[in-house]
$ cat protein_39.txt   # compact mmCIF, C-alpha atoms
# COMPACT_ATOMS: atom_id res chain seq x y z
CA MET A 1 -19.95 -0.83 -36.64
CA TYR A 2 -20.57 -0.13 -32.95
CA GLU A 3 -19.43 -3.62 -31.94
CA HIS A 4 -16.32 -3.22 -34.03
CA LEU A 5 -15.43 0.11 -32.38
CA MET A 6 -16.11 -1.15 -28.88
CA PHE A 7 -13.37 -3.49 -27.87
CA GLU A 8 -13.43 -5.55 -24.76
CA GLU A 9 -10.81 -4.47 -22.25
CA GLU A 10 -8.89 -7.04 -20.31
CA GLN A 11 -10.16 -7.35 -16.75
CA VAL A 12 -7.44 -7.07 -14.12
CA HIS A 13 -7.50 -9.43 -11.16
CA TRP A 14 -7.20 -6.60 -8.61
CA SER A 15 -10.04 -4.33 -9.78
CA HIS A 16 -12.28 -5.23 -6.80
CA PHE A 17 -9.51 -4.11 -4.48
CA ILE A 18 -9.38 -0.61 -5.94
CA GLN A 19 -13.09 -0.09 -6.64
CA HIS A 20 -14.44 -1.06 -3.24
CA ASN A 21 -11.75 0.33 -0.97
CA GLY A 22 -12.64 2.69 1.88
CA ALA A 23 -9.17 4.25 2.07
CA ARG A 24 -8.41 7.87 1.21
CA PRO A 25 -8.45 8.62 -2.52
CA ARG A 26 -4.74 9.56 -2.47
CA SER A 27 -3.92 6.18 -0.96
CA ILE A 28 -5.97 4.38 -3.58
CA VAL A 29 -4.27 6.28 -6.40
CA CYS A 30 -0.85 5.42 -4.95
CA LEU A 31 -1.87 1.76 -4.76
CA TRP A 32 -3.18 1.89 -8.34
CA LEU A 33 0.27 3.16 -9.42
CA VAL A 34 1.89 0.27 -7.56
CA PHE A 35 -0.39 -2.29 -9.22
CA HIS A 36 0.48 -0.79 -12.62
CA ASN A 37 4.20 -0.71 -11.69
CA ARG A 38 4.27 3.06 -12.30
CA LEU A 39 5.43 4.33 -8.91
CA ALA A 40 8.37 6.72 -9.40
CA THR A 41 10.99 4.66 -7.57
CA LYS A 42 14.65 5.34 -8.19
CA ALA A 43 15.03 2.22 -10.33
CA ARG A 44 12.14 3.32 -12.55
CA LEU A 45 13.45 6.88 -12.81
CA LYS A 46 16.90 5.59 -13.71
CA GLY A 47 15.38 3.40 -16.41
CA LEU A 48 13.65 6.49 -17.82
CA GLY A 49 16.96 8.40 -17.76
CA PHE A 50 16.06 10.89 -15.00
CA LEU A 51 18.46 9.63 -12.31
CA GLN A 52 21.94 8.19 -12.22
CA GLU A 53 21.66 6.19 -8.99
CA GLU A 54 19.06 3.67 -7.94
CA CYS A 55 20.11 2.96 -4.36
CA CYS A 56 17.28 2.88 -1.79
CA SER A 57 16.82 6.20 -0.01
CA LEU A 58 15.97 4.55 3.30
CA CYS A 59 18.38 1.64 3.77
CA GLU A 60 20.98 2.75 1.19
CA GLU A 61 21.85 -0.90 0.50
CA HIS A 62 19.75 -2.21 -2.41
CA LYS A 63 18.17 -1.06 -5.66
CA GLU A 64 14.98 0.90 -4.92
CA ASP A 65 12.22 -0.76 -6.92
CA ILE A 66 8.62 -1.43 -5.87
CA ASP A 67 9.41 -4.86 -4.48
CA HIS A 68 12.29 -3.62 -2.36
CA LEU A 69 10.59 -0.43 -1.21
CA LEU A 70 7.35 -2.08 -0.13
CA THR A 71 8.52 -5.39 1.32
CA SER A 72 12.26 -6.05 1.29
CA CYS A 73 13.70 -2.86 2.79
CA LYS A 74 14.55 -3.40 6.44
CA ILE A 75 12.92 -0.09 7.41
CA THR A 76 9.63 -0.58 5.57
CA LYS A 77 9.47 -4.19 6.71
CA ASN A 78 9.27 -2.85 10.28
CA ILE A 79 6.37 -0.60 9.28
CA TRP A 80 4.44 -3.56 7.82
CA GLN A 81 5.15 -5.73 10.85
CA ASP A 82 3.99 -3.03 13.29
CA VAL A 83 0.76 -2.38 11.37
CA LEU A 84 0.02 -6.09 10.96
CA SER A 85 0.75 -6.80 14.63
CA TRP A 86 -1.71 -4.02 15.55
CA LEU A 87 -4.27 -5.99 13.54
CA ASP A 88 -3.24 -9.23 15.22
CA ILE A 89 -2.09 -10.72 11.92
CA LYS A 90 0.93 -12.96 12.28
CA ARG A 91 2.62 -12.55 8.92
CA LYS A 92 6.07 -11.54 7.77
CA PRO A 93 6.14 -9.60 4.51
CA GLN A 94 7.25 -11.66 1.50
CA GLN A 95 8.07 -10.49 -2.03
CA TRP A 96 5.53 -7.95 -3.31
CA GLN A 97 4.03 -10.33 -5.90
CA ASP A 98 3.44 -12.95 -3.19
CA GLU A 99 1.95 -10.31 -0.91
CA MET A 100 -0.39 -9.18 -3.69
CA LYS A 101 -1.65 -12.74 -4.10
CA TRP A 102 -2.20 -13.08 -0.34
CA ILE A 103 -3.90 -9.66 -0.14
CA LEU A 104 -6.19 -10.28 -3.10
CA HIS A 105 -7.14 -13.70 -1.74
CA ASN A 106 -7.98 -12.30 1.70
CA THR A 107 -9.91 -9.24 0.52
CA LYS A 108 -12.66 -10.90 -1.46
CA GLY A 109 -16.14 -10.23 -0.20
CA LYS A 110 -17.72 -7.54 1.94
CA SER A 111 -16.79 -8.74 5.42
CA PHE A 112 -15.25 -6.47 8.03
CA ARG A 113 -11.96 -8.35 7.75
CA ALA A 114 -11.80 -7.90 3.96
CA SER A 115 -12.79 -4.23 4.08
CA LYS A 116 -10.35 -3.54 6.90
CA LEU A 117 -7.48 -5.24 5.08
CA LYS A 118 -8.16 -3.22 1.92
CA ILE A 119 -7.92 0.02 3.88
CA VAL A 120 -4.83 -1.20 5.74
CA VAL A 121 -2.93 -2.11 2.59
CA ALA A 122 -3.79 1.12 0.77
CA GLU A 123 -2.97 3.34 3.74
CA THR A 124 0.25 1.47 4.53
CA VAL A 125 1.51 1.63 0.95
CA TYR A 126 0.76 5.35 0.84
CA GLY A 127 2.33 5.87 4.28
CA ILE A 128 5.52 4.12 3.19
CA TRP A 129 5.64 6.16 -0.03
CA LYS A 130 5.10 9.41 1.88
CA PHE A 131 7.72 8.44 4.49
CA ARG A 132 10.21 7.63 1.71
CA ASN A 133 9.56 10.96 -0.03
CA GLU A 134 9.88 12.98 3.16
CA TYR A 135 13.20 11.32 3.92
CA THR A 136 14.48 11.58 0.33
CA PHE A 137 13.70 15.27 0.01
CA GLY A 138 14.97 16.23 3.47
CA LEU A 139 11.63 16.96 5.14
CA ASN A 140 12.27 14.20 7.67
CA THR A 141 15.79 13.24 8.68
CA ASN A 142 14.73 10.62 11.21
CA LYS A 143 14.35 6.98 10.15
CA ASP A 144 12.27 6.15 13.23
CA THR A 145 9.12 4.42 12.01
CA THR A 146 6.91 4.80 15.10
CA THR A 147 5.47 8.15 13.97
CA ILE A 148 4.56 6.88 10.51
CA VAL A 149 3.02 3.72 11.97
CA HIS A 150 0.84 5.85 14.26
CA LYS A 151 -0.20 8.04 11.32
CA ILE A 152 -1.12 4.96 9.28
CA ILE A 153 -3.16 3.50 12.14
CA ASP A 154 -4.92 6.85 12.66
CA SER A 155 -5.85 6.93 8.96
CA ILE A 156 -7.14 3.36 9.10
CA VAL A 157 -9.27 4.06 12.16
CA PHE A 158 -10.63 7.31 10.74
CA ARG A 159 -11.56 5.79 7.37
CA GLY A 160 -13.13 2.75 9.03
CA TRP A 161 -14.96 4.91 11.56
CA LEU A 162 -16.89 6.54 8.71
CA LYS A 163 -18.80 3.26 8.27
CA ASP A 164 -21.30 2.76 11.08
CA LYS A 165 -21.14 -1.02 11.01
CA PHE A 166 -17.35 -1.00 11.58
CA ARG A 167 -17.23 1.31 14.61
CA LYS A 168 -17.66 -1.34 17.31
CA LYS A 169 -15.06 -3.62 15.78
CA LEU A 170 -12.59 -0.76 15.36
CA ALA A 171 -13.17 0.29 18.94
CA LEU A 172 -12.10 -3.20 20.01
CA LEU A 173 -8.86 -2.82 18.03
CA MET A 174 -8.13 0.47 19.77
CA MET A 175 -8.21 -1.13 23.23
$ encode --input "protein_39.txt" --output "structure tokens"
Amino acid sequence: MYEHLMFEEEQVHWSHFIQHNGARPRSIVCLWLVFHNRLATKARLKGLGFLQEECCSLCEEHKEDIDHLLTSCKITKNIWQDVLSWLDIKRKPQQWQDEMKWILHNTKGKSFRASKLKIVVAETVYGIWKFRNEYTFGLNTNKDTTTIVHKIIDSIVFRGWLKDKFRKKLALLMM
């Protein structure tokens, strides 16, 4: 009877990314929503009948879905490029599904590079979401991304600094 009641859940391919991530809990929850395609973008809210328009709040040119908001929007693309260039990673953001494959491939293991990239992705996704919400709800009327990039980098450094073995390597990034 016990075996019948206990069913085996399907293992997701990104579980290691969420479970062993040193980012802030709010960033991890936001990333979990993205992986489940549950982030409250305008396209999703329109599909649920809560909104009439689905135009991106930031660029005002395309439909605001997860793919557009995180990688295709010209404003958020600049955020990704600035954060990745700080890390010395030469990569232009692709479609979100392609980015997920690249991220999951490069975050396997317990190395500094893998751990750092996990924190970077979670904090950047949350930073973009927070930036979008502040702009959408009128808390920030400036589309300048330098402030949000600095906040994301500060969060990455702070979260990484909590681990003793990462301090020296993070100090080198700060120079």
$ atom_distance --input "protein_39.txt" --atom1 "CA of Ile18 in chain A" --atom2 "CA of Ala122 in chain A"
8.9 Å
$ closest_atom_pairs --input "protein_39.txt" --of "range 83-124 of chain A" --to "range 28-45 of chain A" --cutoff "9 Å" --atoms "all atoms listed in the file" --output "tab-separated table"
residue	atom	partner	partner_atom	distance
A:Met100	CA	A:Phe35	CA	8.8
A:Ile119	CA	A:Ile28	CA	8.9
A:Val121	CA	A:Leu31	CA	8.4
A:Ala122	CA	A:Ile28	CA	5.9
A:Glu123	CA	A:Ile28	CA	8.0
$ closest_residue --input "protein_39.txt" --among "A:Lys101, A:Arg24, A:Lys130, A:Leu173" --to "Leu84 in chain A" --atoms "all atoms listed in the file"
A:Leu173
$ closest_residue --input "protein_39.txt" --among "A:Ala23, A:Ile79, A:Leu51, A:Ala171" --to "Leu117 in chain A" --atoms "all atoms listed in the file"
A:Ala23
$ axis_aligned_box --input "protein_39.txt" --around "range 149-167 of chain A" --padding-each-side "5 Å" --output "JSON"
{"center_x": -9.1, "center_y": 3.5, "center_z": 11.0, "size_x": 34.3, "size_y": 19.1, "size_z": 17.2}
